[in-house]
>>> print(open('model_12.cif').read())   # mmCIF, N, CA and C atoms
data_model
#
loop_
_atom_site.label_atom_id
_atom_site.label_comp_id
_atom_site.auth_asym_id
_atom_site.auth_seq_id
_atom_site.Cartn_x
_atom_site.Cartn_y
_atom_site.Cartn_z
N MET S 1 5.88 20.02 -3.36
CA MET S 1 4.55 20.25 -3.86
C MET S 1 3.86 21.31 -3.01
N ARG S 2 3.05 22.07 -3.68
CA ARG S 2 2.31 23.10 -2.97
C ARG S 2 0.90 22.62 -2.72
N PRO S 3 0.34 23.02 -1.59
CA PRO S 3 -1.06 22.65 -1.32
C PRO S 3 -1.98 23.40 -2.26
N THR S 4 -3.12 22.80 -2.60
CA THR S 4 -4.08 23.46 -3.47
C THR S 4 -5.13 24.19 -2.67
N SER S 5 -5.19 23.93 -1.41
CA SER S 5 -6.19 24.53 -0.56
C SER S 5 -5.55 25.61 0.30
N ALA S 6 -6.31 26.64 0.56
CA ALA S 6 -5.79 27.71 1.42
C ALA S 6 -6.28 27.54 2.85
N SER S 7 -6.72 26.35 3.18
CA SER S 7 -7.26 26.14 4.52
C SER S 7 -6.14 26.19 5.56
N PRO S 8 -6.48 26.55 6.80
CA PRO S 8 -5.47 26.62 7.85
C PRO S 8 -4.79 25.27 8.02
N GLY S 9 -3.53 25.30 8.29
CA GLY S 9 -2.78 24.08 8.51
C GLY S 9 -2.14 23.53 7.24
N CYS S 10 -2.44 24.11 6.11
CA CYS S 10 -1.83 23.67 4.85
C CYS S 10 -0.58 24.51 4.62
N ASP S 11 0.51 24.04 5.17
CA ASP S 11 1.76 24.81 5.10
C ASP S 11 2.78 24.18 4.17
N GLY S 12 2.34 23.35 3.25
CA GLY S 12 3.26 22.72 2.32
C GLY S 12 3.70 21.34 2.77
N ARG S 13 3.46 21.00 4.03
CA ARG S 13 3.79 19.66 4.51
C ARG S 13 2.58 18.77 4.32
N ARG S 14 2.83 17.47 4.26
CA ARG S 14 1.71 16.55 4.16
C ARG S 14 0.95 16.53 5.46
N SER S 15 -0.34 16.67 5.37
CA SER S 15 -1.16 16.56 6.57
C SER S 15 -2.56 16.19 6.16
N PHE S 16 -3.30 15.65 7.09
CA PHE S 16 -4.67 15.27 6.83
C PHE S 16 -5.48 16.51 6.49
N GLY S 17 -6.26 16.42 5.45
CA GLY S 17 -7.11 17.53 5.09
C GLY S 17 -6.50 18.46 4.06
N CYS S 18 -5.22 18.33 3.78
CA CYS S 18 -4.54 19.15 2.77
C CYS S 18 -4.40 18.34 1.50
N ARG S 19 -4.87 18.85 0.41
CA ARG S 19 -4.70 18.16 -0.86
C ARG S 19 -3.52 18.78 -1.58
N GLU S 20 -2.70 17.92 -2.14
CA GLU S 20 -1.54 18.40 -2.88
C GLU S 20 -1.81 18.28 -4.36
N GLU S 21 -1.13 19.12 -5.15
CA GLU S 21 -1.25 19.05 -6.59
C GLU S 21 -0.64 17.75 -7.07
N ALA S 22 -1.22 17.21 -8.11
CA ALA S 22 -0.64 16.00 -8.71
C ALA S 22 0.64 16.39 -9.42
N PRO S 23 1.67 15.52 -9.36
CA PRO S 23 2.89 15.83 -10.08
C PRO S 23 2.63 15.86 -11.57
N GLU S 24 3.40 16.66 -12.29
CA GLU S 24 3.23 16.76 -13.73
C GLU S 24 3.62 15.43 -14.36
N ALA S 25 2.90 15.07 -15.40
CA ALA S 25 3.17 13.81 -16.09
C ALA S 25 4.48 13.92 -16.86
N ASP S 26 5.19 12.81 -16.94
CA ASP S 26 6.40 12.75 -17.75
C ASP S 26 6.01 12.87 -19.20
N GLU S 27 6.88 13.46 -19.99
CA GLU S 27 6.61 13.54 -21.41
C GLU S 27 6.63 12.14 -21.99
N GLY S 28 5.79 11.91 -22.98
CA GLY S 28 5.77 10.61 -23.63
C GLY S 28 4.79 9.63 -23.03
N THR S 29 4.16 9.98 -21.93
CA THR S 29 3.15 9.11 -21.36
C THR S 29 1.86 9.89 -21.22
N ASP S 30 0.77 9.20 -21.33
CA ASP S 30 -0.54 9.82 -21.20
C ASP S 30 -1.05 9.54 -19.80
N PRO S 31 -1.13 10.56 -18.93
CA PRO S 31 -1.57 10.33 -17.55
C PRO S 31 -2.98 9.75 -17.47
N ALA S 32 -3.80 9.95 -18.50
CA ALA S 32 -5.15 9.42 -18.49
C ALA S 32 -5.16 7.94 -18.82
N ASP S 33 -4.05 7.42 -19.36
CA ASP S 33 -3.96 6.02 -19.73
C ASP S 33 -3.21 5.25 -18.66
N PRO S 34 -3.94 4.50 -17.79
CA PRO S 34 -3.28 3.77 -16.72
C PRO S 34 -2.37 2.66 -17.25
N GLY S 35 -2.53 2.28 -18.50
CA GLY S 35 -1.70 1.23 -19.09
C GLY S 35 -0.46 1.78 -19.76
N ALA S 36 -0.26 3.10 -19.73
CA ALA S 36 0.90 3.71 -20.37
C ALA S 36 2.17 3.23 -19.69
N VAL S 37 3.18 2.95 -20.49
CA VAL S 37 4.44 2.43 -19.98
C VAL S 37 5.52 3.48 -20.14
N ASP S 38 6.26 3.71 -19.07
CA ASP S 38 7.38 4.63 -19.10
C ASP S 38 8.61 3.83 -19.54
N PRO S 39 9.14 4.09 -20.74
CA PRO S 39 10.28 3.31 -21.24
C PRO S 39 11.49 3.39 -20.33
N GLY S 40 11.72 4.52 -19.70
CA GLY S 40 12.86 4.67 -18.78
C GLY S 40 12.71 3.78 -17.56
N ALA S 41 11.52 3.77 -16.99
CA ALA S 41 11.28 2.93 -15.81
C ALA S 41 11.35 1.46 -16.18
N GLU S 42 10.87 1.13 -17.36
CA GLU S 42 10.91 -0.26 -17.82
C GLU S 42 12.37 -0.71 -17.99
N ALA S 43 13.21 0.14 -18.53
CA ALA S 43 14.64 -0.19 -18.70
C ALA S 43 15.31 -0.37 -17.34
N LEU S 44 14.98 0.50 -16.38
CA LEU S 44 15.56 0.37 -15.04
C LEU S 44 15.11 -0.93 -14.37
N ASP S 45 13.85 -1.30 -14.57
CA ASP S 45 13.35 -2.56 -14.00
C ASP S 45 14.11 -3.75 -14.58
N ARG S 46 14.34 -3.73 -15.90
CA ARG S 46 15.09 -4.82 -16.54
C ARG S 46 16.52 -4.88 -16.01
N GLU S 47 17.14 -3.71 -15.85
CA GLU S 47 18.51 -3.67 -15.35
C GLU S 47 18.59 -4.20 -13.92
N LEU S 48 17.65 -3.79 -13.07
CA LEU S 48 17.64 -4.27 -11.69
C LEU S 48 17.43 -5.78 -11.66
N ALA S 49 16.50 -6.29 -12.46
CA ALA S 49 16.25 -7.73 -12.49
C ALA S 49 17.51 -8.49 -12.92
N ALA S 50 18.22 -7.97 -13.90
CA ALA S 50 19.45 -8.62 -14.37
C ALA S 50 20.51 -8.62 -13.28
N ARG S 51 20.63 -7.52 -12.56
CA ARG S 51 21.63 -7.44 -11.48
C ARG S 51 21.27 -8.38 -10.32
N VAL S 52 19.99 -8.46 -10.00
CA VAL S 52 19.56 -9.36 -8.92
C VAL S 52 19.83 -10.80 -9.32
N ARG S 53 19.49 -11.16 -10.57
CA ARG S 53 19.76 -12.52 -11.05
C ARG S 53 21.24 -12.86 -10.97
N ALA S 54 22.09 -11.92 -11.40
CA ALA S 54 23.54 -12.15 -11.37
C ALA S 54 24.02 -12.31 -9.92
N ALA S 55 23.49 -11.50 -9.01
CA ALA S 55 23.90 -11.58 -7.60
C ALA S 55 23.45 -12.91 -7.00
N VAL S 56 22.24 -13.36 -7.31
CA VAL S 56 21.75 -14.64 -6.80
C VAL S 56 22.63 -15.78 -7.32
N GLU S 57 23.04 -15.69 -8.57
CA GLU S 57 23.89 -16.73 -9.16
C GLU S 57 25.25 -16.82 -8.45
N ARG S 58 25.71 -15.71 -7.89
CA ARG S 58 27.02 -15.69 -7.21
C ARG S 58 26.95 -16.20 -5.77
N LEU S 59 25.75 -16.40 -5.23
CA LEU S 59 25.62 -16.91 -3.87
C LEU S 59 26.13 -18.34 -3.78
N PRO S 60 26.62 -18.75 -2.61
CA PRO S 60 26.94 -20.16 -2.40
C PRO S 60 25.68 -21.01 -2.63
N ASP S 61 25.87 -22.27 -3.03
CA ASP S 61 24.76 -23.14 -3.42
C ASP S 61 23.60 -23.18 -2.42
N ARG S 62 23.89 -23.41 -1.15
CA ARG S 62 22.81 -23.53 -0.16
C ARG S 62 22.07 -22.22 0.02
N GLN S 63 22.81 -21.11 0.04
CA GLN S 63 22.16 -19.81 0.18
C GLN S 63 21.28 -19.53 -1.04
N ARG S 64 21.80 -19.84 -2.23
CA ARG S 64 21.03 -19.61 -3.47
C ARG S 64 19.75 -20.45 -3.44
N MET S 65 19.86 -21.71 -3.07
CA MET S 65 18.67 -22.56 -3.02
C MET S 65 17.66 -22.04 -2.00
N ALA S 66 18.12 -21.62 -0.85
CA ALA S 66 17.22 -21.10 0.19
C ALA S 66 16.49 -19.86 -0.30
N ILE S 67 17.21 -18.93 -0.92
CA ILE S 67 16.59 -17.70 -1.45
C ILE S 67 15.59 -18.04 -2.55
N LEU S 68 15.98 -18.90 -3.47
CA LEU S 68 15.08 -19.26 -4.57
C LEU S 68 13.81 -19.92 -4.05
N LEU S 69 13.95 -20.83 -3.10
CA LEU S 69 12.77 -21.50 -2.55
C LEU S 69 11.88 -20.54 -1.77
N ASN S 70 12.50 -19.65 -0.99
CA ASN S 70 11.73 -18.73 -0.14
C ASN S 70 11.10 -17.60 -0.93
N LYS S 71 11.89 -16.89 -1.70
CA LYS S 71 11.39 -15.69 -2.37
C LYS S 71 10.73 -15.95 -3.71
N PHE S 72 11.26 -16.90 -4.46
CA PHE S 72 10.74 -17.09 -5.81
C PHE S 72 9.75 -18.24 -5.91
N GLU S 73 9.84 -19.22 -5.02
CA GLU S 73 8.87 -20.31 -5.00
C GLU S 73 7.80 -20.08 -3.94
N GLY S 74 8.02 -19.11 -3.06
CA GLY S 74 7.03 -18.75 -2.06
C GLY S 74 6.94 -19.70 -0.87
N LEU S 75 7.97 -20.50 -0.64
CA LEU S 75 7.94 -21.43 0.49
C LEU S 75 8.30 -20.71 1.79
N GLY S 76 7.68 -21.13 2.88
CA GLY S 76 7.98 -20.58 4.19
C GLY S 76 9.26 -21.19 4.74
N TYR S 77 9.72 -20.66 5.88
CA TYR S 77 10.97 -21.14 6.49
C TYR S 77 10.93 -22.64 6.76
N ALA S 78 9.81 -23.14 7.29
CA ALA S 78 9.72 -24.56 7.63
C ALA S 78 9.84 -25.43 6.37
N GLU S 79 9.17 -25.01 5.29
CA GLU S 79 9.22 -25.77 4.04
C GLU S 79 10.62 -25.72 3.42
N VAL S 80 11.26 -24.56 3.46
CA VAL S 80 12.63 -24.44 2.95
C VAL S 80 13.54 -25.36 3.76
N GLY S 81 13.40 -25.33 5.08
CA GLY S 81 14.21 -26.19 5.95
C GLY S 81 14.02 -27.66 5.64
N GLU S 82 12.77 -28.07 5.41
CA GLU S 82 12.50 -29.46 5.07
C GLU S 82 13.20 -29.86 3.78
N ARG S 83 13.09 -29.00 2.77
CA ARG S 83 13.71 -29.30 1.47
C ARG S 83 15.22 -29.38 1.56
N LEU S 84 15.81 -28.56 2.42
CA LEU S 84 17.27 -28.52 2.52
C LEU S 84 17.81 -29.36 3.68
N GLY S 85 16.91 -29.97 4.45
CA GLY S 85 17.33 -30.80 5.57
C GLY S 85 17.92 -30.00 6.71
N LEU S 86 17.31 -28.84 6.98
CA LEU S 86 17.81 -27.94 8.02
C LEU S 86 16.76 -27.72 9.10
N SER S 87 17.23 -27.38 10.30
CA SER S 87 16.32 -27.00 11.37
C SER S 87 15.76 -25.61 11.06
N PRO S 88 14.66 -25.24 11.70
CA PRO S 88 14.12 -23.88 11.48
C PRO S 88 15.15 -22.78 11.81
N ALA S 89 15.91 -22.96 12.88
CA ALA S 89 16.91 -21.94 13.24
C ALA S 89 18.01 -21.86 12.18
N ALA S 90 18.45 -23.00 11.68
CA ALA S 90 19.49 -23.01 10.65
C ALA S 90 18.98 -22.40 9.35
N THR S 91 17.71 -22.64 9.04
CA THR S 91 17.10 -22.07 7.84
C THR S 91 17.04 -20.55 7.95
N LYS S 92 16.61 -20.07 9.10
CA LYS S 92 16.53 -18.63 9.31
C LYS S 92 17.91 -18.00 9.19
N SER S 93 18.91 -18.63 9.76
CA SER S 93 20.28 -18.12 9.70
C SER S 93 20.80 -18.12 8.26
N LEU S 94 20.53 -19.20 7.53
CA LEU S 94 20.98 -19.31 6.14
C LEU S 94 20.35 -18.23 5.27
N LEU S 95 19.06 -18.01 5.45
CA LEU S 95 18.37 -16.96 4.67
C LEU S 95 18.89 -15.58 5.05
N HIS S 96 19.18 -15.37 6.32
CA HIS S 96 19.73 -14.08 6.74
C HIS S 96 21.08 -13.83 6.07
N ARG S 97 21.95 -14.84 6.10
CA ARG S 97 23.27 -14.70 5.46
C ARG S 97 23.13 -14.44 3.97
N ALA S 98 22.19 -15.12 3.33
CA ALA S 98 21.97 -14.94 1.90
C ALA S 98 21.50 -13.51 1.61
N ARG S 99 20.59 -13.00 2.42
CA ARG S 99 20.09 -11.63 2.22
C ARG S 99 21.20 -10.60 2.44
N MET S 100 22.02 -10.83 3.45
CA MET S 100 23.12 -9.90 3.71
C MET S 100 24.13 -9.93 2.57
N ALA S 101 24.38 -11.09 2.01
CA ALA S 101 25.30 -11.20 0.87
C ALA S 101 24.72 -10.47 -0.34
N LEU S 102 23.44 -10.66 -0.60
CA LEU S 102 22.79 -9.97 -1.72
C LEU S 102 22.82 -8.45 -1.52
N LYS S 103 22.54 -8.03 -0.31
CA LYS S 103 22.57 -6.59 0.00
C LYS S 103 23.95 -6.03 -0.28
N SER S 104 24.98 -6.74 0.12
CA SER S 104 26.34 -6.30 -0.11
C SER S 104 26.66 -6.24 -1.58
N MET S 105 26.25 -7.25 -2.34
CA MET S 105 26.53 -7.28 -3.78
C MET S 105 25.78 -6.20 -4.54
N LEU S 106 24.59 -5.85 -4.07
CA LEU S 106 23.74 -4.88 -4.78
C LEU S 106 23.83 -3.47 -4.20
N GLU S 107 24.62 -3.31 -3.15
CA GLU S 107 24.68 -2.02 -2.43
C GLU S 107 25.06 -0.86 -3.34
N GLU S 108 26.04 -1.06 -4.19
CA GLU S 108 26.50 0.01 -5.08
C GLU S 108 25.37 0.44 -6.01
N TYR S 109 24.61 -0.52 -6.50
CA TYR S 109 23.51 -0.22 -7.43
C TYR S 109 22.34 0.47 -6.74
N LEU S 110 22.10 0.11 -5.49
CA LEU S 110 20.93 0.61 -4.78
C LEU S 110 21.13 1.97 -4.13
N GLN S 111 22.33 2.50 -4.18
CA GLN S 111 22.58 3.81 -3.55
C GLN S 111 22.04 4.95 -4.35
#
>>> encode(input="model_12.cif", output="structure tokens")
Amino acid sequence: MRPTSASPGCDGRRSFGCREEAPEADEGTDPADPGAVDPGAEALDRELAARVRAAVERLPDRQRMAILLNKFEGLGYAEVGERLGLSPAATKSLLHRARMALKSMLEEYLQ
């Protein structure tokens, strides 16, 4: 992006005091309509959600339950541990292993 101002220090890099031009709107969306939906982005969101769901389903039972309780039910580590009968340290370790497994399963998609 090019700066719109000719003030000193506006060399094309982001910096305080330099305003950049707004990126051009994608075709098919109205930039004035904040509710406009980009069909391409919506399709990518659906695909990512499907891949995440499939990856979560492939986790071992305890890891899947820990992730579901923590991320999707909004429970903290202590509450997850209580529900699963685990110490706080074991809960933290279980969630870490679950996240690493998900990262590995989704790595190809996220590159």
>>> closest_residue(input="model_12.cif", among="S:Leu44, S:Leu84, S:Leu106, S:Met100", to="Asp61 in chain S", atoms="only C-alpha atoms")
S:Leu84
>>> resolve_selection(input="model_12.cif", expression="the PyMOL selection byres (((chain S and resi 94-97 and name CA) around 9) and name CA)", output="list in words")
Arg62, Gln63, Arg64, Ala66, Ile67, Asn70, Tyr77, Ala89, Ala90, Thr91, Lys92, Ser93, Ala98, Arg99, Met100, Ala101 and Leu102 of chain S
>>> atom_distance(input="model_12.cif", atom1="atom N of Ala43 in chain S", atom2="atom N of Glu73 in chain S")
23.8 Å
>>> atom_distance(input="model_12.cif", atom1="atom C of Met105 in chain S", atom2="CA of Ala55 in chain S")
6.5 Å
>>> atom_distance(input="model_12.cif", atom1="CA of Arg83 in chain S", atom2="atom N of Glu107 in chain S")
28.6 Å
>>> residues_around(input="model_12.cif", residues="Arg51 in chain S", least_positions_apart="5", cutoff="10 Å", atoms="only C-alpha atoms", output="list in words")
Asp45, Arg46, Val56, Glu57, Met105, Leu106 and Tyr109 of chain S
>>> write_last_selection(input="model_12.cif", atoms="N, CA and C atoms", output="compact mmCIF listing (two decimals), in the coordinates of the input")
# COMPACT_ATOMS: atom_id res chain seq x y z
N ASP S 45 13.85 -1.30 -14.57
CA ASP S 45 13.35 -2.56 -14.00
C ASP S 45 14.11 -3.75 -14.58
N ARG S 46 14.34 -3.73 -15.90
CA ARG S 46 15.09 -4.82 -16.54
C ARG S 46 16.52 -4.88 -16.01
N VAL S 56 22.24 -13.36 -7.31
CA VAL S 56 21.75 -14.64 -6.80
C VAL S 56 22.63 -15.78 -7.32
N GLU S 57 23.04 -15.69 -8.57
CA GLU S 57 23.89 -16.73 -9.16
C GLU S 57 25.25 -16.82 -8.45
N MET S 105 26.25 -7.25 -2.34
CA MET S 105 26.53 -7.28 -3.78
C MET S 105 25.78 -6.20 -4.54
N LEU S 106 24.59 -5.85 -4.07
CA LEU S 106 23.74 -4.88 -4.78
C LEU S 106 23.83 -3.47 -4.20
N TYR S 109 24.61 -0.52 -6.50
CA TYR S 109 23.51 -0.22 -7.43
C TYR S 109 22.34 0.47 -6.74
